[in-house]
>>> print(open('coords_9.txt').read())   # compact mmCIF, C-alpha atoms and all ligand atoms
# COMPACT_ATOMS: atom_id res chain seq x y z
CA MET E 1 124.17 63.07 15.80
CA ARG E 2 122.60 59.94 14.31
CA SER E 3 120.26 57.99 16.50
CA LYS E 4 121.49 54.82 18.09
CA ILE E 5 119.67 51.69 17.02
CA PRO E 6 118.71 49.01 19.53
CA PRO E 7 121.18 46.21 18.86
CA GLU E 8 118.38 43.76 18.11
CA GLU E 9 117.32 45.97 15.19
CA LEU E 10 120.74 45.84 13.56
CA PRO E 11 121.30 43.05 11.00
CA ARG E 12 122.64 39.82 12.44
CA VAL E 13 126.30 39.14 11.76
CA VAL E 14 128.64 36.36 12.79
CA LEU E 15 132.30 36.92 13.67
CA VAL E 16 134.45 34.02 12.51
CA THR E 17 138.13 33.23 13.04
CA PRO E 18 139.93 33.62 9.69
CA ARG E 19 141.10 30.45 7.96
CA GLU E 20 143.90 30.08 5.44
CA SER E 21 141.28 30.19 2.72
CA ASP E 22 140.31 33.71 3.87
CA ALA E 23 143.77 35.13 3.13
CA ASP E 24 142.81 36.46 -0.32
CA PHE E 25 139.61 38.05 1.02
CA LEU E 26 141.53 39.74 3.85
CA ALA E 27 144.18 40.98 1.41
CA ARG E 28 141.40 42.38 -0.78
CA LEU E 29 139.89 44.22 2.22
CA ASN E 30 143.32 45.66 2.93
CA SER E 31 143.87 46.89 -0.64
CA PRO E 32 143.75 50.69 -1.18
CA ASP E 33 140.63 50.58 -3.37
CA VAL E 34 138.65 48.82 -0.60
CA ALA E 35 140.30 50.26 2.54
CA GLY E 36 140.03 53.72 1.00
CA GLU E 37 141.70 57.01 1.78
CA PHE E 38 141.02 56.82 5.51
CA ASP E 39 142.52 53.37 6.10
CA THR E 40 145.40 53.06 3.64
CA PHE E 41 148.95 53.42 4.90
CA ASP E 42 152.16 53.69 2.91
CA ASP E 43 154.67 53.14 5.71
CA PRO E 44 157.52 50.64 5.17
CA ALA E 45 156.58 47.06 6.13
CA ASP E 46 158.86 47.16 9.19
CA ASP E 47 156.97 50.18 10.57
CA PHE E 48 153.67 48.34 11.10
CA LEU E 49 152.78 47.25 14.62
CA ASP E 50 152.53 43.56 15.36
CA ALA E 51 148.91 43.44 16.57
CA GLN E 52 149.57 40.27 18.58
CA SER E 53 151.97 42.26 20.77
CA TYR E 54 148.93 44.32 21.79
CA ALA E 55 146.64 41.33 22.39
CA GLY E 56 145.23 42.04 18.97
CA ASP E 57 143.31 39.75 16.65
CA LYS E 58 140.73 39.87 13.87
CA ARG E 59 137.58 38.13 12.71
CA ILE E 60 135.82 37.75 9.40
CA VAL E 61 132.37 39.36 9.41
CA GLN E 62 129.73 37.11 7.87
CA THR E 63 126.02 37.40 7.37
CA THR E 64 123.91 34.55 8.72
CA ASP E 65 124.04 32.78 5.35
CA ALA E 66 127.85 32.63 5.72
CA THR E 67 128.53 35.34 3.12
CA ARG E 68 131.81 37.08 3.94
CA VAL E 69 131.20 40.83 4.03
CA GLY E 70 134.19 42.29 5.87
CA SER E 71 136.49 42.07 8.85
CA VAL E 72 136.92 43.51 12.32
CA SER E 73 140.07 43.80 14.40
CA TRP E 74 141.08 44.89 17.88
CA ILE E 75 144.08 45.73 20.04
CA GLN E 76 144.46 46.51 23.72
CA VAL E 77 145.18 50.07 24.85
CA PRO E 78 146.12 51.11 28.43
CA TYR E 79 144.54 53.89 30.48
CA GLY E 80 146.99 53.67 33.36
CA PRO E 81 149.50 51.29 34.89
CA ASN E 82 147.02 48.67 36.05
CA VAL E 83 145.44 45.72 34.26
CA ARG E 84 141.99 46.90 35.26
CA SER E 85 142.41 50.00 33.07
CA LEU E 86 143.09 48.16 29.83
CA ALA E 87 140.58 48.99 27.09
CA TRP E 88 140.02 47.70 23.56
CA SER E 89 140.46 49.70 20.37
CA ILE E 90 138.61 48.29 17.36
CA GLY E 91 138.61 48.67 13.59
CA VAL E 92 136.36 47.54 10.75
CA THR E 93 136.29 47.18 6.98
CA ILE E 94 133.16 46.25 5.03
CA HIS E 95 133.54 45.21 1.37
CA PRO E 96 132.05 47.90 -0.93
CA ASP E 97 129.48 45.40 -2.29
CA PHE E 98 127.89 45.27 1.17
CA ARG E 99 128.14 48.83 2.45
CA GLY E 100 125.18 50.96 3.52
CA ARG E 101 123.25 48.04 5.04
CA ARG E 102 124.34 48.75 8.61
CA LEU E 103 126.59 45.71 8.56
CA GLY E 104 129.46 47.91 9.76
CA ALA E 105 127.35 49.06 12.69
CA ALA E 106 126.26 45.51 13.46
CA ALA E 107 129.81 44.17 13.27
CA GLN E 108 131.20 46.84 15.60
CA ARG E 109 128.38 46.41 18.10
CA HIS E 110 128.80 42.67 18.01
CA LEU E 111 132.57 42.92 18.45
CA ALA E 112 132.17 45.26 21.43
CA GLU E 113 129.79 42.80 23.08
CA MET E 114 132.15 39.92 22.32
CA LEU E 115 135.08 41.78 23.89
CA PHE E 116 133.06 42.68 26.99
CA GLU E 117 131.98 39.08 27.30
CA GLY E 118 135.51 37.74 26.86
CA SER E 119 137.41 40.16 29.05
CA ASP E 120 137.10 42.35 32.12
CA ALA E 121 137.56 45.57 30.16
CA ASN E 122 135.11 48.37 30.83
CA ARG E 123 135.66 50.29 27.62
CA VAL E 124 135.73 49.62 23.87
CA GLN E 125 136.82 52.55 21.73
CA ALA E 126 137.23 53.35 18.06
CA ASP E 127 138.88 56.29 16.39
CA THR E 128 138.41 57.39 12.83
CA ASP E 129 139.42 60.20 10.52
CA VAL E 130 137.54 63.46 11.08
CA ASP E 131 136.41 63.23 7.44
CA ASN E 132 135.32 59.58 7.56
CA VAL E 133 131.61 60.33 7.87
CA ALA E 134 130.50 56.78 6.99
CA GLU E 135 132.46 55.28 9.90
CA GLN E 136 131.30 58.00 12.30
CA ARG E 137 127.67 57.29 11.42
CA SER E 138 128.24 53.58 11.60
CA LEU E 139 129.69 53.87 15.11
CA GLU E 140 126.80 56.07 16.25
CA ARG E 141 124.31 53.54 14.87
CA ALA E 142 126.21 50.89 16.81
CA GLY E 143 125.66 52.73 20.07
CA PHE E 144 129.07 54.35 20.44
CA THR E 145 129.31 57.90 21.84
CA ARG E 146 131.44 60.58 20.23
CA GLU E 147 133.92 61.86 22.81
CA GLY E 148 136.06 64.38 20.98
CA VAL E 149 138.95 64.83 18.62
CA ALA E 150 142.44 63.47 19.21
CA ARG E 151 144.52 66.07 17.41
CA GLN E 152 147.19 65.02 14.92
CA ALA E 153 147.06 61.50 16.31
CA GLN E 154 147.51 59.39 13.17
CA TRP E 155 150.38 59.47 10.68
CA ARG E 156 148.97 58.46 7.31
CA GLN E 157 150.03 59.14 3.75
CA GLY E 158 152.72 61.66 4.63
CA ARG E 159 150.97 63.81 7.22
CA TRP E 160 149.29 63.89 10.60
CA HIS E 161 145.51 63.45 10.79
CA ASP E 162 142.99 64.39 13.51
CA ARG E 163 140.92 61.43 14.76
CA VAL E 164 137.41 61.44 16.19
CA VAL E 165 137.25 59.19 19.24
CA TYR E 166 134.17 57.10 20.05
CA SER E 167 133.50 54.65 22.86
CA ILE E 168 130.98 52.28 24.35
CA VAL E 169 131.28 51.20 27.98
CA ARG E 170 130.24 47.95 29.57
CA SER E 171 127.08 49.32 31.20
CA GLU E 172 125.86 50.49 27.76
CA ALA E 173 126.41 47.15 26.11
CA LEU E 174 124.84 44.77 28.54
CA VAL E 175 125.66 41.33 27.29
CA ALA E 176 122.10 40.12 27.57
CA LYS E 177 121.84 38.28 24.30
CA LYS E 178 123.61 35.24 23.02
CA ILE E 179 126.78 36.20 21.20
CA ASP E 180 127.28 34.55 17.81
CA HIS E 181 130.96 33.89 17.52
CA ASP E 182 132.99 30.79 17.18
CA GLU E 183 134.56 29.05 20.13
CA GLY E 184 137.77 30.47 21.49
CA ALA E 185 137.06 34.12 20.76
CA GLY E 186 136.61 34.86 24.45
CA ALA E 187 139.79 33.08 25.38
CA THR E 188 141.89 35.13 22.99
CA THR E 189 140.55 38.41 24.32
CA ARG E 190 140.43 37.66 28.01
CA VAL E 191 142.47 39.86 30.28
CA GLU E 192 144.50 37.14 31.89
CA LYS E 193 145.80 38.59 35.11
CA GLY E 194 144.32 40.05 38.18
CA THR E 195 140.79 40.96 37.36
CA SER E 196 139.05 37.72 36.46
CA SER E 197 136.06 37.10 38.65
C1 LIG J 1 133.26 52.71 7.32
C2 LIG J 1 132.60 51.41 6.85
C3 LIG J 1 133.10 50.27 7.72
C4 LIG J 1 131.09 51.56 7.00
O1 LIG J 1 130.51 50.31 6.67
P1 LIG J 1 128.92 50.20 6.35
O2 LIG J 1 128.52 48.80 6.55
O3 LIG J 1 128.62 50.84 5.05
O4 LIG J 1 128.35 51.11 7.53
P2 LIG J 1 126.85 51.28 8.02
O5 LIG J 1 125.92 50.88 6.92
O6 LIG J 1 126.73 50.64 9.34
O7 LIG J 1 126.77 52.87 8.26
C5 LIG J 1 127.21 53.78 7.29
C6 LIG J 1 126.46 55.07 7.50
O8 LIG J 1 127.15 56.12 6.83
C7 LIG J 1 126.36 56.60 5.75
N1 LIG J 1 127.31 56.87 4.67
C8 LIG J 1 127.94 55.99 3.91
N2 LIG J 1 128.80 56.64 3.07
C9 LIG J 1 128.68 57.96 3.36
C10 LIG J 1 129.28 59.13 2.87
N3 LIG J 1 130.19 59.08 1.91
N4 LIG J 1 128.92 60.32 3.41
C11 LIG J 1 128.00 60.37 4.39
N5 LIG J 1 127.40 59.28 4.93
C12 LIG J 1 127.74 58.10 4.40
C13 LIG J 1 125.35 55.52 5.47
O9 LIG J 1 124.18 56.05 4.87
C14 LIG J 1 125.08 55.03 6.89
O10 LIG J 1 124.30 55.97 7.63
P3 LIG J 1 122.79 55.66 8.07
O11 LIG J 1 122.86 54.58 9.13
O12 LIG J 1 122.33 56.97 8.59
O13 LIG J 1 122.08 55.22 6.82
C15 LIG J 1 132.92 51.15 5.35
O14 LIG J 1 132.58 52.29 4.60
C16 LIG J 1 134.37 50.81 5.09
O15 LIG J 1 134.76 49.65 5.20
N6 LIG J 1 135.19 51.81 4.74
C17 LIG J 1 136.59 51.60 4.41
C18 LIG J 1 137.42 51.24 5.64
C19 LIG J 1 137.26 52.25 6.74
O16 LIG J 1 137.24 53.46 6.54
N7 LIG J 1 137.13 51.70 7.97
C20 LIG J 1 137.07 52.50 9.17
C21 LIG J 1 138.49 52.85 9.51
S1 LIG J 1 138.59 53.75 11.03
>>> encode(input="coords_9.txt", output="structure tokens")
Amino acid sequence: MRSKIPPEELPRVVLVTPRESDADFLARLNSPDVAGEFDTFDDPADDFLDAQSYAGDKRIVQTTDATRVGSVSWIQVPYGPNVRSLAWSIGVTIHPDFRGRRLGAAAQRHLAEMLFEGSDANRVQADTDVDNVAEQRSLERAGFTREGVARQAQWRQGRWHDRVVYSIVRSEALVAKKIDHDEGAGATTRVEKGTSS
């Protein structure tokens, strides 16, 4: 297993709400040559989930000089019938021009901290293809722990794929530092009912 890196040693990234002018960049990130074999789906348009129905959203990942380098997204997933047991499931794409600089790790760590800050969830998880070594290393660098394999969990490109599941829990991602994200991010991720303190 790769060693975890203290979050302060990861590169600084900023998570920014997409604007209309980001549409082309987001479409590029979603194209097969950028998303790659592990994140390209050929299902009919009607078969894609509406992320907003799962409290989902996305942010552009920028470096501190406002260079757009990728995107992150999240949806809510339940671990029982109660609001308290809602967790977040996250995803990331980094543009090939910027890969290998731990920006993926930084973005995922930053998103986890943002979600903990903006909600009462105790768990942020990510799952990735068993063969997606880059994403597995990136998550480990970000401080996520490998939990196991969810067998035949994802339908992609005509067959079922095993997914490695990773998580970080609130106590591991103490929100001690100032979070760099634009206003409103917390509001969109907050678990609205029942558990607000
Ligand atoms: C997965 C992805 C987000 C990683 O972004 P990144 O910014 O390059 O990630 P990081 O630099 O934080 O970490 C990548 C790690 O994997 C390593 N790596 C990269 N490509 C690799 C490969 N083909 N085989 C083995 N290791 C690889 C890097 O060396 C680095 O490890 P290190 O920290 O030990 O040096 C990026 O490759 C991507 O956008 N892929 C396409 C979309 C995708 O698969 N998203 C995840 C869907 S679940």
>>> residues_around(input="coords_9.txt", residues="E:Val77", least_positions_apart="4", cutoff="6 Å", atoms="all atoms listed in the file", output="ChimeraX atom specification")
/E:86-88
>>> axis_aligned_box(input="coords_9.txt", around="ligand LIG 1 (chain J)", padding_each_side="4 Å", output="AutoDock Vina command-line options")
--center_x 130.3 --center_y 54.6 --center_z 6.5 --size_x 24.5 --size_y 19.6 --size_z 17.1
>>> residues_around(input="coords_9.txt", residues="E:Ile94", least_positions_apart="2", cutoff="9 Å", atoms="all atoms listed in the file", output="CSV table (one decimal) with C-alpha atoms, in the frame of the given file")
chain,number,residue,atom,x,y,z
E,29,LEU,CA,139.9,44.2,2.2
E,34,VAL,CA,138.6,48.8,-0.6
E,35,ALA,CA,140.3,50.3,2.5
E,61,VAL,CA,132.4,39.4,9.4
E,69,VAL,CA,131.2,40.8,4.0
E,70,GLY,CA,134.2,42.3,5.9
E,71,SER,CA,136.5,42.1,8.8
E,72,VAL,CA,136.9,43.5,12.3
E,92,VAL,CA,136.4,47.5,10.8
E,96,PRO,CA,132.0,47.9,-0.9
E,97,ASP,CA,129.5,45.4,-2.3
E,98,PHE,CA,127.9,45.3,1.2
E,99,ARG,CA,128.1,48.8,2.4
E,103,LEU,CA,126.6,45.7,8.6
E,104,GLY,CA,129.5,47.9,9.8
>>> atom_distance(input="coords_9.txt", atom1="atom CA of E:Asp22", atom2="atom CA of E:Lys58")
11.8 Å
>>> residues_near_ligand(input="coords_9.txt", ligand="ligand LIG 1 (chain J)", cutoff="8 Å", atoms="all atoms listed in the file", output="PyMOL selection string")
chain E and resi 2+34-39+70+91-96+98-106+126-129+132-139+141-142
>>> write_last_selection(input="coords_9.txt", atoms="C-alpha atoms", output="mmCIF file, in the coordinates of the input")
data_model
loop_
_atom_site.group_PDB
_atom_site.id
_atom_site.type_symbol
_atom_site.label_atom_id
_atom_site.label_comp_id
_atom_site.auth_asym_id
_atom_site.auth_seq_id
_atom_site.Cartn_x
_atom_site.Cartn_y
_atom_site.Cartn_z
ATOM 1 C CA ARG E 2 122.600 59.940 14.310
ATOM 2 C CA VAL E 34 138.650 48.820 -0.600
ATOM 3 C CA ALA E 35 140.300 50.260 2.540
ATOM 4 C CA GLY E 36 140.030 53.720 1.000
ATOM 5 C CA GLU E 37 141.700 57.010 1.780
ATOM 6 C CA PHE E 38 141.020 56.820 5.510
ATOM 7 C CA ASP E 39 142.520 53.370 6.100
ATOM 8 C CA GLY E 70 134.190 42.290 5.870
ATOM 9 C CA GLY E 91 138.610 48.670 13.590
ATOM 10 C CA VAL E 92 136.360 47.540 10.750
ATOM 11 C CA THR E 93 136.290 47.180 6.980
ATOM 12 C CA ILE E 94 133.160 46.250 5.030
ATOM 13 C CA HIS E 95 133.540 45.210 1.370
ATOM 14 C CA PRO E 96 132.050 47.900 -0.930
ATOM 15 C CA PHE E 98 127.890 45.270 1.170
ATOM 16 C CA ARG E 99 128.140 48.830 2.450
ATOM 17 C CA GLY E 100 125.180 50.960 3.520
ATOM 18 C CA ARG E 101 123.250 48.040 5.040
ATOM 19 C CA ARG E 102 124.340 48.750 8.610
ATOM 20 C CA LEU E 103 126.590 45.710 8.560
ATOM 21 C CA GLY E 104 129.460 47.910 9.760
ATOM 22 C CA ALA E 105 127.350 49.060 12.690
ATOM 23 C CA ALA E 106 126.260 45.510 13.460
ATOM 24 C CA ALA E 126 137.230 53.350 18.060
ATOM 25 C CA ASP E 127 138.880 56.290 16.390
ATOM 26 C CA THR E 128 138.410 57.390 12.830
ATOM 27 C CA ASP E 129 139.420 60.200 10.520
ATOM 28 C CA ASN E 132 135.320 59.580 7.560
ATOM 29 C CA VAL E 133 131.610 60.330 7.870
ATOM 30 C CA ALA E 134 130.500 56.780 6.990
ATOM 31 C CA GLU E 135 132.460 55.280 9.900
ATOM 32 C CA GLN E 136 131.300 58.000 12.300
ATOM 33 C CA ARG E 137 127.670 57.290 11.420
ATOM 34 C CA SER E 138 128.240 53.580 11.600
ATOM 35 C CA LEU E 139 129.690 53.870 15.110
ATOM 36 C CA ARG E 141 124.310 53.540 14.870
ATOM 37 C CA ALA E 142 126.210 50.890 16.810
#
>>> atom_distance(input="coords_9.txt", atom1="atom CA of E:Ile5", atom2="atom CA of E:Ala107")
13.2 Å
>>> atom_distance(input="coords_9.txt", atom1="atom CA of E:Gln125", atom2="atom CA of E:Ala66")
27.1 Å
>>> closest_residue(input="coords_9.txt", among="E:Asp65, E:Val130, E:Ser171, E:Pro32", to="E:Ala153", atoms="only C-alpha atoms")
E:Val130
>>> residues_near_point(input="coords_9.txt", point="(148.4, 54.2, 5.7)", cutoff="8 Å", atoms="all atoms listed in the file", output="ChimeraX atom specification")
/E:38-43,155-157
>>> closest_residue(input="coords_9.txt", among="E:Thr64, E:Trp160, E:Ile168, E:Ile75", to="E:Asp50", atoms="only C-alpha atoms")
E:Ile75
